[in-house]
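Raw final-v8.cif, mmCIF, C-alpha atoms:
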data_structure
#
loop_
_atom_site.label_atom_id
_atom_site.label_comp_id
_atom_site.auth_asym_id
_atom_site.auth_seq_id
_atom_site.Cartn_x
_atom_site.Cartn_y
_atom_site.Cartn_z
CA MET A 634 64.73 -36.56 50.14
CA ALA A 635 67.69 -35.96 47.86
CA LEU A 636 67.75 -37.27 44.32
CA PRO A 637 70.50 -39.74 43.40
CA LYS A 638 73.18 -38.55 41.04
CA GLY A 639 72.19 -38.53 37.39
CA VAL A 640 73.54 -41.06 34.97
CA GLY A 641 74.73 -40.57 31.44
CA LEU A 642 76.99 -38.04 29.79
CA GLY A 643 75.99 -34.57 28.74
CA LEU A 644 72.24 -34.63 29.36
CA HIS A 645 72.17 -36.26 32.82
CA TRP A 646 68.51 -36.33 33.91
CA ALA A 647 67.47 -34.91 30.54
CA TRP A 648 68.16 -38.36 29.10
CA VAL A 649 64.78 -39.47 30.46
CA PRO A 650 62.60 -37.15 28.33
CA PHE A 651 65.04 -37.56 25.45
CA TRP A 652 64.40 -41.31 25.32
CA GLY A 653 60.70 -40.67 25.81
CA PHE A 654 60.82 -38.50 22.70
CA ILE A 655 62.73 -41.18 20.79
CA PHE A 656 60.27 -43.96 21.68
CA GLY A 657 57.31 -41.67 20.94
CA CYS A 658 58.68 -40.87 17.50
CA ALA A 659 59.45 -44.56 16.95
CA THR A 660 55.81 -45.38 17.68
CA ILE A 661 54.43 -42.87 15.17
CA ILE A 662 56.99 -43.51 12.42
CA SER A 663 56.87 -47.31 12.64
CA LEU A 664 53.05 -47.44 12.52
CA LEU A 665 52.90 -44.89 9.70
CA VAL A 666 55.52 -46.75 7.65
CA ILE A 667 53.69 -50.05 8.18
CA TRP A 668 50.39 -48.53 7.05
CA LEU A 669 51.95 -46.95 3.96
CA ALA A 670 53.91 -50.12 3.11
CA GLN A 671 50.68 -52.11 3.24
CA GLY A 672 49.14 -49.78 0.66
CA HIS A 673 47.29 -47.60 3.24
CA PRO A 674 44.49 -50.14 3.71
CA ARG A 675 41.15 -49.66 5.44
CA TYR A 676 41.19 -52.25 8.23
CA LYS A 677 37.40 -52.23 8.62
CA GLN A 678 34.66 -51.93 6.05
CA ASP A 679 33.21 -48.76 7.59
CA GLU A 680 36.60 -47.07 8.02
CA ALA A 681 37.51 -43.76 6.40
CA THR A 682 40.23 -43.24 3.83
CA VAL A 683 42.66 -42.00 6.48
CA VAL A 684 42.75 -44.48 9.36
CA TYR A 685 43.29 -43.71 13.03
CA ILE A 686 46.67 -44.48 14.55
CA SER A 687 44.69 -46.60 17.01
CA ASP A 688 43.56 -48.88 14.15
CA VAL A 689 47.09 -49.35 12.82
CA GLY A 690 48.18 -50.08 16.40
CA ALA A 691 45.40 -52.63 16.79
CA ASP A 692 46.61 -54.42 13.66
CA ASN A 693 50.16 -54.43 15.09
CA HIS A 694 49.20 -55.01 18.70
CA ALA A 695 52.48 -56.21 20.23
CA LEU A 696 54.47 -53.34 18.72
CA PHE A 697 51.81 -50.86 19.82
CA ILE A 698 51.86 -52.10 23.43
CA VAL A 699 55.65 -52.12 23.78
CA LEU A 700 56.38 -48.71 22.24
CA GLY A 701 53.28 -47.06 23.70
CA THR A 702 54.01 -48.31 27.22
CA LEU A 703 57.67 -47.24 27.11
CA THR A 704 56.68 -43.78 25.87
CA ALA A 705 54.02 -43.41 28.57
CA LEU A 706 56.33 -44.47 31.40
CA LEU A 707 59.14 -42.19 30.26
CA PHE A 708 56.69 -39.29 29.89
CA PHE A 709 55.45 -39.62 33.46
CA ALA A 710 59.00 -40.12 34.75
CA SER A 711 60.03 -36.91 32.94
CA ILE A 712 57.24 -34.82 34.47
CA PHE A 713 57.93 -36.24 37.94
CA LEU A 714 61.69 -35.64 37.60
CA ASP A 715 61.05 -32.06 36.52
CA TYR A 716 58.97 -31.64 39.68
CA ARG A 717 61.72 -33.12 41.90
CA LEU A 718 64.57 -31.23 40.24
CA ARG A 719 62.83 -27.91 40.86
CA HIS A 720 61.99 -28.96 44.40
CA THR A 721 65.68 -29.66 45.13
CA ALA A 722 66.87 -26.51 43.28
CA ARG A 723 68.78 -28.48 40.66
CA ILE A 724 66.96 -26.30 38.13
CA PRO A 725 65.33 -22.91 38.89
CA GLN A 726 62.97 -23.73 41.71
CA ARG A 727 59.38 -22.74 42.36
CA VAL A 728 58.83 -19.71 44.59
CA ARG A 729 55.14 -18.92 44.63
CA ARG A 730 52.06 -20.95 45.44
CA ILE A 731 50.68 -20.88 41.90
CA GLU A 732 53.86 -22.55 40.67
CA ARG A 733 53.71 -25.30 43.30
CA VAL A 734 50.01 -26.00 42.72
CA SER A 735 50.41 -26.01 38.93
CA ALA A 736 53.39 -28.36 39.16
CA ALA A 737 51.51 -30.80 41.40
CA LEU A 738 48.48 -30.81 39.09
CA SER A 739 50.73 -31.35 36.09
CA VAL A 740 52.20 -34.46 37.75
CA ILE A 741 48.75 -35.83 38.65
CA PHE A 742 47.40 -35.41 35.12
CA ALA A 743 50.65 -36.78 33.66
CA PHE A 744 50.04 -39.96 35.69
CA LEU A 745 46.49 -40.22 34.34
CA CYS A 746 47.79 -39.53 30.83
CA ALA A 747 50.41 -42.30 31.09
CA LEU A 748 47.86 -44.71 32.56
CA GLY A 749 45.38 -43.95 29.78
CA CYS A 750 48.11 -44.40 27.15
CA ILE A 751 49.10 -47.82 28.49
CA LEU A 752 45.51 -49.04 28.77
CA LEU A 753 44.50 -47.83 25.29
CA THR A 754 47.34 -49.89 23.81
CA ILE A 755 46.28 -52.99 25.75
CA PHE A 756 42.56 -52.63 24.96
CA ASP A 757 42.82 -52.08 21.21
CA ALA A 758 40.29 -50.47 18.91
CA PHE A 759 39.24 -53.74 17.22
CA ARG A 760 38.56 -56.09 20.11
CA HIS A 761 37.68 -53.56 22.86
CA GLN A 762 36.35 -50.56 20.97
CA THR A 763 34.42 -48.92 23.84
CA LEU A 764 37.24 -49.34 26.36
CA HIS A 765 39.85 -48.21 23.87
CA TRP A 766 38.13 -44.92 23.06
CA THR A 767 37.33 -44.34 26.73
CA PHE A 768 41.01 -44.64 27.62
CA SER A 769 41.91 -42.57 24.55
CA GLY A 770 39.66 -39.81 25.85
CA ILE A 771 41.36 -40.00 29.26
CA PHE A 772 44.77 -39.88 27.57
CA PHE A 773 44.00 -36.82 25.44
CA VAL A 774 42.22 -34.81 28.16
CA ALA A 775 44.86 -35.61 30.80
CA LEU A 776 47.63 -34.74 28.33
CA LEU A 777 45.93 -31.44 27.58
CA LEU A 778 45.59 -30.54 31.28
CA SER A 779 49.10 -31.70 32.21
CA GLY A 780 50.59 -29.56 29.45
CA LEU A 781 48.39 -26.61 30.37
CA PHE A 782 49.42 -26.65 34.05
CA ASN A 783 53.07 -27.16 33.13
CA MET A 784 52.82 -24.12 30.86
CA ILE A 785 51.19 -22.08 33.67
CA GLU A 786 54.04 -23.08 36.00
CA LEU A 787 56.69 -21.97 33.52
CA GLY A 788 54.80 -18.77 32.75
CA ALA A 789 54.91 -17.89 36.46
CA LEU A 790 58.60 -18.81 36.66
CA THR A 791 59.41 -16.36 33.87
CA ARG A 792 58.22 -13.58 36.19
CA ASP A 793 60.48 -14.79 39.02
CA TYR A 794 63.54 -15.31 36.80
CA ARG A 795 63.18 -12.39 34.43
CA ASP A 796 66.78 -12.60 33.19
CA ASN A 797 66.73 -16.35 32.58
CA LYS A 798 66.36 -16.68 28.82
CA LYS A 799 66.20 -20.48 28.96
CA ILE A 800 63.01 -20.44 31.03
CA LYS A 801 61.42 -17.97 28.63
CA ALA A 802 62.47 -20.07 25.64
CA SER A 803 61.04 -23.22 27.24
CA PHE A 804 57.79 -21.41 28.01
CA PHE A 805 57.33 -20.28 24.41
CA LEU A 806 58.22 -23.76 23.13
CA LYS A 807 55.49 -25.24 25.32
CA LEU A 808 53.12 -22.50 24.20
CA ALA A 809 53.79 -23.45 20.57
CA VAL A 810 53.06 -27.12 21.33
CA VAL A 811 50.25 -27.01 23.92
CA ILE A 812 47.97 -24.41 22.29
CA PRO A 813 47.80 -26.18 18.89
CA GLY A 814 47.31 -29.45 20.78
CA ILE A 815 44.34 -28.05 22.69
CA ILE A 816 42.76 -26.75 19.48
CA ALA A 817 43.39 -30.04 17.63
CA ILE A 818 41.91 -32.20 20.42
CA ILE A 819 38.75 -30.05 20.57
CA ILE A 820 38.28 -30.16 16.78
CA MET A 821 38.98 -33.90 16.69
CA GLY A 822 36.35 -34.55 19.36
CA CYS A 823 33.79 -32.42 17.53
CA LEU A 824 34.43 -34.23 14.23
CA MET A 825 34.12 -37.65 15.83
CA LYS A 826 30.91 -36.64 17.57
CA ARG A 827 29.53 -35.21 14.34
CA CYS A 828 30.17 -38.48 12.53
CA ASP A 829 28.49 -40.49 15.26
CA ASP A 830 25.42 -38.24 15.11
CA ARG A 831 25.18 -38.26 11.32
CA THR A 832 25.65 -42.00 10.80
CA PRO A 833 22.35 -43.93 10.98
CA PRO A 834 22.35 -47.26 12.86
CA GLY A 835 23.74 -50.02 10.63
CA ALA A 836 25.06 -47.57 8.02
CA SER A 837 28.70 -47.33 6.96
CA ASP A 838 30.79 -44.39 8.16
CA TYR A 839 32.71 -44.54 4.88
CA ILE A 840 29.62 -43.58 2.92
CA THR A 841 28.16 -40.95 5.23
CA CYS A 842 31.19 -39.45 6.98
CA ASN A 843 34.43 -40.18 5.12
CA GLY A 844 35.63 -36.57 5.04
CA PRO A 845 35.14 -35.58 8.68
CA ASP A 846 36.30 -39.00 9.91
CA SER A 847 39.48 -38.78 7.81
CA ALA A 848 40.10 -35.28 9.21
CA ALA A 849 39.62 -36.57 12.77
CA ALA A 850 42.04 -39.44 12.11
CA SER A 851 44.61 -37.00 10.70
CA LEU A 852 44.26 -34.87 13.82
CA GLU A 853 44.89 -37.93 15.99
CA TRP A 854 48.21 -38.46 14.19
CA PHE A 855 48.96 -34.75 14.59
CA VAL A 856 48.19 -34.69 18.34
CA THR A 857 50.35 -37.77 18.87
CA ALA A 858 53.23 -35.98 17.12
CA LEU A 859 52.68 -32.93 19.36
CA PHE A 860 52.80 -35.28 22.35
CA CYS A 861 56.33 -36.27 21.29
CA LEU A 862 57.33 -32.62 20.89
CA TYR A 863 55.93 -31.86 24.34
CA ILE A 864 58.19 -34.55 25.80
CA LEU A 865 61.09 -32.97 23.91
CA THR A 866 60.47 -29.59 25.59
CA LEU A 867 61.15 -31.30 28.94
CA VAL A 868 64.72 -31.95 27.73
CA PHE A 869 65.31 -28.18 27.66
CA ASP A 870 63.75 -27.85 31.14
CA MET A 871 66.04 -30.47 32.68
CA TYR A 872 69.21 -29.71 30.76
CA PRO A 873 70.47 -27.10 33.29
CA SER A 874 70.57 -29.87 35.95
CA ARG A 875 73.81 -31.09 34.39
CA MET A 876 75.49 -27.94 35.72
CA THR A 877 74.58 -28.90 39.30
CA SER A 878 75.35 -32.62 39.09
CA ARG A 879 78.56 -32.34 41.09
CA HIS A 880 77.49 -29.50 43.35
CA ARG A 881 74.21 -30.66 44.82
CA ASN A 882 73.63 -27.50 46.87
CA THR A 883 74.11 -25.05 44.03
CA PRO A 884 71.38 -22.45 44.56
CA PRO A 885 69.03 -21.13 41.87
CA LEU A 886 69.35 -17.67 40.43
CA PRO A 887 68.83 -15.01 43.10
CA LEU A 888 65.38 -13.48 43.32
CA VAL A 889 66.05 -10.90 46.05
CA PRO A 890 68.74 -8.22 45.78
CA PRO A 891 71.75 -8.98 47.98
CA THR A 892 72.11 -7.36 51.36
CA GLN A 893 75.38 -5.93 52.62
CA THR A 894 77.21 -7.06 55.71
CA GLU A 895 79.09 -3.78 56.08
CA PRO A 896 78.23 -0.22 55.12
CA GLY A 897 79.85 1.53 52.21
CA LYS A 898 80.53 -1.64 50.21
CA LYS A 899 79.24 -2.12 46.70
CA GLY A 900 77.09 -5.19 46.13
CA GLY A 901 77.99 -6.27 42.61
CA PHE A 902 75.55 -4.55 40.25
CA PHE A 903 73.77 -2.82 43.14
CA ALA A 904 74.64 0.68 44.29
CA LYS A 905 76.61 1.09 47.47
CA GLY A 906 74.60 1.34 50.67
CA LYS A 907 74.53 4.38 52.91
CA GLY A 908 74.20 2.43 56.09
CA LYS A 909 74.25 -1.01 57.50
CA SER A 910 71.14 -2.92 56.41
CA GLN A 911 69.51 -5.74 58.28
CA ALA A 912 69.73 -9.08 56.50
CA PRO A 913 66.53 -11.06 55.98
CA HIS A 914 65.86 -14.25 57.89
CA GLY A 915 68.14 -17.09 56.78
CA THR A 916 70.90 -14.85 55.38
CA ILE A 917 74.46 -15.84 56.24
CA THR A 918 76.17 -13.00 58.04
CA GLU A 919 79.77 -12.18 58.79
CA GLY A 920 81.37 -14.83 60.94
CA ALA A 921 79.16 -17.56 59.47
CA GLY A 922 81.19 -18.52 56.42
CA VAL A 923 81.24 -15.15 54.59
CA PRO A 924 84.49 -13.16 54.57
CA ALA A 925 84.52 -9.79 56.27
CA GLY A 926 83.17 -7.12 53.99
CA GLY A 927 81.53 -9.77 51.79
CA VAL A 928 78.04 -9.58 50.38
CA THR A 929 75.31 -12.14 50.94
CA ASN A 930 72.22 -12.95 48.96
CA GLY A 931 69.03 -12.56 50.98
CA HIS A 932 67.15 -15.28 49.11
CA ASN A 933 69.50 -18.24 49.12
CA ALA A 934 72.05 -17.21 51.73
CA GLN A 935 75.04 -17.45 49.40
CA PRO A 936 78.01 -15.07 49.41
CA VAL A 937 78.19 -12.69 46.44
CA ILE A 938 81.71 -11.72 45.46
CA PRO A 939 81.98 -8.06 44.34
CA PRO A 940 83.56 -7.39 40.94
CA GLY A 941 87.32 -7.00 41.03
CA SER A 942 87.62 -8.84 44.31
CA ASN A 943 90.30 -11.50 44.74
CA MET A 944 88.17 -13.51 47.15
CA VAL A 945 87.74 -17.17 46.15
#

Produce structure tokens that represent the structure in this file.
Amino acid sequence: MALPKGVGLGLHWAWVPFWGFIFGCATIISLLVIWLAQGHPRYKQDEATVVYISDVGADNHALFIVLGTLTALLFFASIFLDYRLRHTARIPQRVRRIERVSAALSVIFAFLCALGCILLTIFDAFRHQTLHWTFSGIFFVALLLSGLFNMIELGALTRDYRDNKKIKASFFLKLAVVIPGIIAIIIMGCLMKRCDDRTPPGASDYITCNGPDSAAASLEWFVTALFCLYILTLVFDMYPSRMTSRHRNTPPLPLVPPTQTEPGKKGGFFAKGKGKSQAPHGTITEGAGVPAGGVTNGHNAQPVIPPGSNMV
């Protein structure tokens, strides 16, 4: 099934993660500004000095639901579009099984992440504390796994497209976002668990666990910011699709050296052959749309024009 033509100027399909990034940043900045403007209050008596973003969202419920839901939907749409664009070769497509499996798992966990994000905004931390933190756990774990599998997919693609600097740059960007996110989520969970274990029944967290709880709340803000940066990395993944918006069948970069249709002809950067080679299955041969003496690519069946040739 072919994707419809992208809308917008410049970014094309990359507008989707771009707006996801914008709404994600709007969520964090608006809630942080509100909390600071209010004099950084503690919304509950047993709350730590630094409050969780979930508590500020619960105090501004409508804003939290709207911005959180828009961010979650655009995040899932971005991951799914990345999957489809690679499937249709609008951006460098997957070749090996590990890439296809990792991409599929990334989409599945992105769906769970988006669902958890929407539900944690609806069931806020004040009125539905147990449900809220359950959905928060689903959100953070699914986000971690979606990012991890997306990073594995890109890491494998860097081996298939060794000369594609954009894929390598995107991989290292995700590495810089996902790895700190994994570490922060693990530490945040340990701190929250430590506070729960140390606080006696009926005692105030503020008295017994202000430091660790404040650190855990700070990490929640930090992980949410990394979530926005992760969405931003998808802009760089999808940006090359703008180059194929008008030429839907533009193939990805070749993975297999071109084969020659006639002996003694140079194949671009490849040395001239000493005899006629047999083209792999699916390669266009002479008489099937490739000029006589032309060179074809064995991977995507596209003619390769030798340097200095006047063929169009």

Given the PyMOL selection byres ((chain A and resi 793-803) around 8) and the file above, list the residues it selects as a JSON list (two decimals) with C-alpha atoms, in the coordinates of the input.
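The resulting file, out_6.json, is reproduced below:
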[["chain", "number", "residue", "atom", "x", "y", "z"],
["A", 728, "VAL", "CA", 58.83, -19.71, 44.59],
["A", 787, "LEU", "CA", 56.69, -21.97, 33.52],
["A", 788, "GLY", "CA", 54.80, -18.77, 32.75],
["A", 789, "ALA", "CA", 54.91, -17.89, 36.46],
["A", 790, "LEU", "CA", 58.60, -18.81, 36.66],
["A", 791, "THR", "CA", 59.41, -16.36, 33.87],
["A", 792, "ARG", "CA", 58.22, -13.58, 36.19],
["A", 804, "PHE", "CA", 57.79, -21.41, 28.01],
["A", 805, "PHE", "CA", 57.33, -20.28, 24.41],
["A", 806, "LEU", "CA", 58.22, -23.76, 23.13],
["A", 807, "LYS", "CA", 55.49, -25.24, 25.32],
["A", 866, "THR", "CA", 60.47, -29.59, 25.59],
["A", 869, "PHE", "CA", 65.31, -28.18, 27.66],
["A", 870, "ASP", "CA", 63.75, -27.85, 31.14],
["A", 886, "LEU", "CA", 69.35, -17.67, 40.43],
["A", 888, "LEU", "CA", 65.38, -13.48, 43.32]]

Neighbours of point (50.5, -49.1, 20.7) within 10 Å, using only C-alpha atoms, written as a VMD selection string: chain A and resid 660 to 661 664 686 to 704 750 to 757

Written file, previous selection with C-alpha atoms, as a short mmCIF file (atom, residue, chain, number, x, y, z; two decimals), keeping the file's coordinate frame:
data_model
loop_
_atom_site.label_atom_id
_atom_site.label_comp_id
_atom_site.auth_asym_id
_atom_site.auth_seq_id
_atom_site.Cartn_x
_atom_site.Cartn_y
_atom_site.Cartn_z
CA THR A 660 55.81 -45.38 17.68
CA ILE A 661 54.43 -42.87 15.17
CA LEU A 664 53.05 -47.44 12.52
CA ILE A 686 46.67 -44.48 14.55
CA SER A 687 44.69 -46.60 17.01
CA ASP A 688 43.56 -48.88 14.15
CA VAL A 689 47.09 -49.35 12.82
CA GLY A 690 48.18 -50.08 16.40
CA ALA A 691 45.40 -52.63 16.79
CA ASP A 692 46.61 -54.42 13.66
CA ASN A 693 50.16 -54.43 15.09
CA HIS A 694 49.20 -55.01 18.70
CA ALA A 695 52.48 -56.21 20.23
CA LEU A 696 54.47 -53.34 18.72
CA PHE A 697 51.81 -50.86 19.82
CA ILE A 698 51.86 -52.10 23.43
CA VAL A 699 55.65 -52.12 23.78
CA LEU A 700 56.38 -48.71 22.24
CA GLY A 701 53.28 -47.06 23.70
CA THR A 702 54.01 -48.31 27.22
CA LEU A 703 57.67 -47.24 27.11
CA THR A 704 56.68 -43.78 25.87
CA CYS A 750 48.11 -44.40 27.15
CA ILE A 751 49.10 -47.82 28.49
CA LEU A 752 45.51 -49.04 28.77
CA LEU A 753 44.50 -47.83 25.29
CA THR A 754 47.34 -49.89 23.81
CA ILE A 755 46.28 -52.99 25.75
CA PHE A 756 42.56 -52.63 24.96
CA ASP A 757 42.82 -52.08 21.21
#

Residue with smallest distance to Val649 (chain A) - pool A:Asp846, A:Leu718, A:Tyr676, A:Leu707, counting all atoms listed in the file: A:Leu707

Among the residues A:Leu764, A:Ala659, A:Ala681, A:Leu778, the one that comes closest to Phe744 (chain A) [using all atoms listed in the file]: A:Leu778

Picked residues, the PyMOL selection byres ((chain A and resi 716) around 12), as a ChimeraX atom specification: /A:636,709-715,717-727,732-741,743,783,786-787,867,870-871

Selection dump of the PyMOL selection byres ((chain A and resi 652) around 10), as JSON, numbers by chain: {"A": [647, 648, 649, 650, 651, 653, 654, 655, 656, 657, 658, 703, 704, 707, 708, 711, 864, 865, 868]}

Residue with smallest distance to Ile812 (chain A) - pool A:Tyr863, A:Cys842, A:His765, A:Ala848, counting only C-alpha atoms: A:Tyr863

Nearest-residue call for Leu745 (chain A), choices A:Val810, A:Ile818, A:Leu859, A:Leu706, using all atoms listed in the file: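 Ranking A:Val810, A:Ile818, A:Leu859, A:Leu706 by distance to Leu745 (chain A), first place goes to A:Leu706.
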
Among the residues A:Ser779, A:Ser769, A:Thr682, A:Ser663, the one that comes closest to Gly822 (chain A) [using all atoms listed in the file]: A:Ser769

Pick from A:Ser851, A:Cys828, A:Phe860, A:Pro845 nearest to Leu777 (chain A), counting all atoms listed in the file: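 For Leu777 (chain A), the nearest of the given residues is A:Phe860.
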
Straight-line distance linking CA of Pro813 (chain A) with CA of Phe772 (chain A), stated in Å to one decimal: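 Distance reported for this atom pair: 16.5 Å.
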
Two-atom distance - CA of Gln762 (chain A), CA of Glu853 (chain A) (Å): 16.0 Å
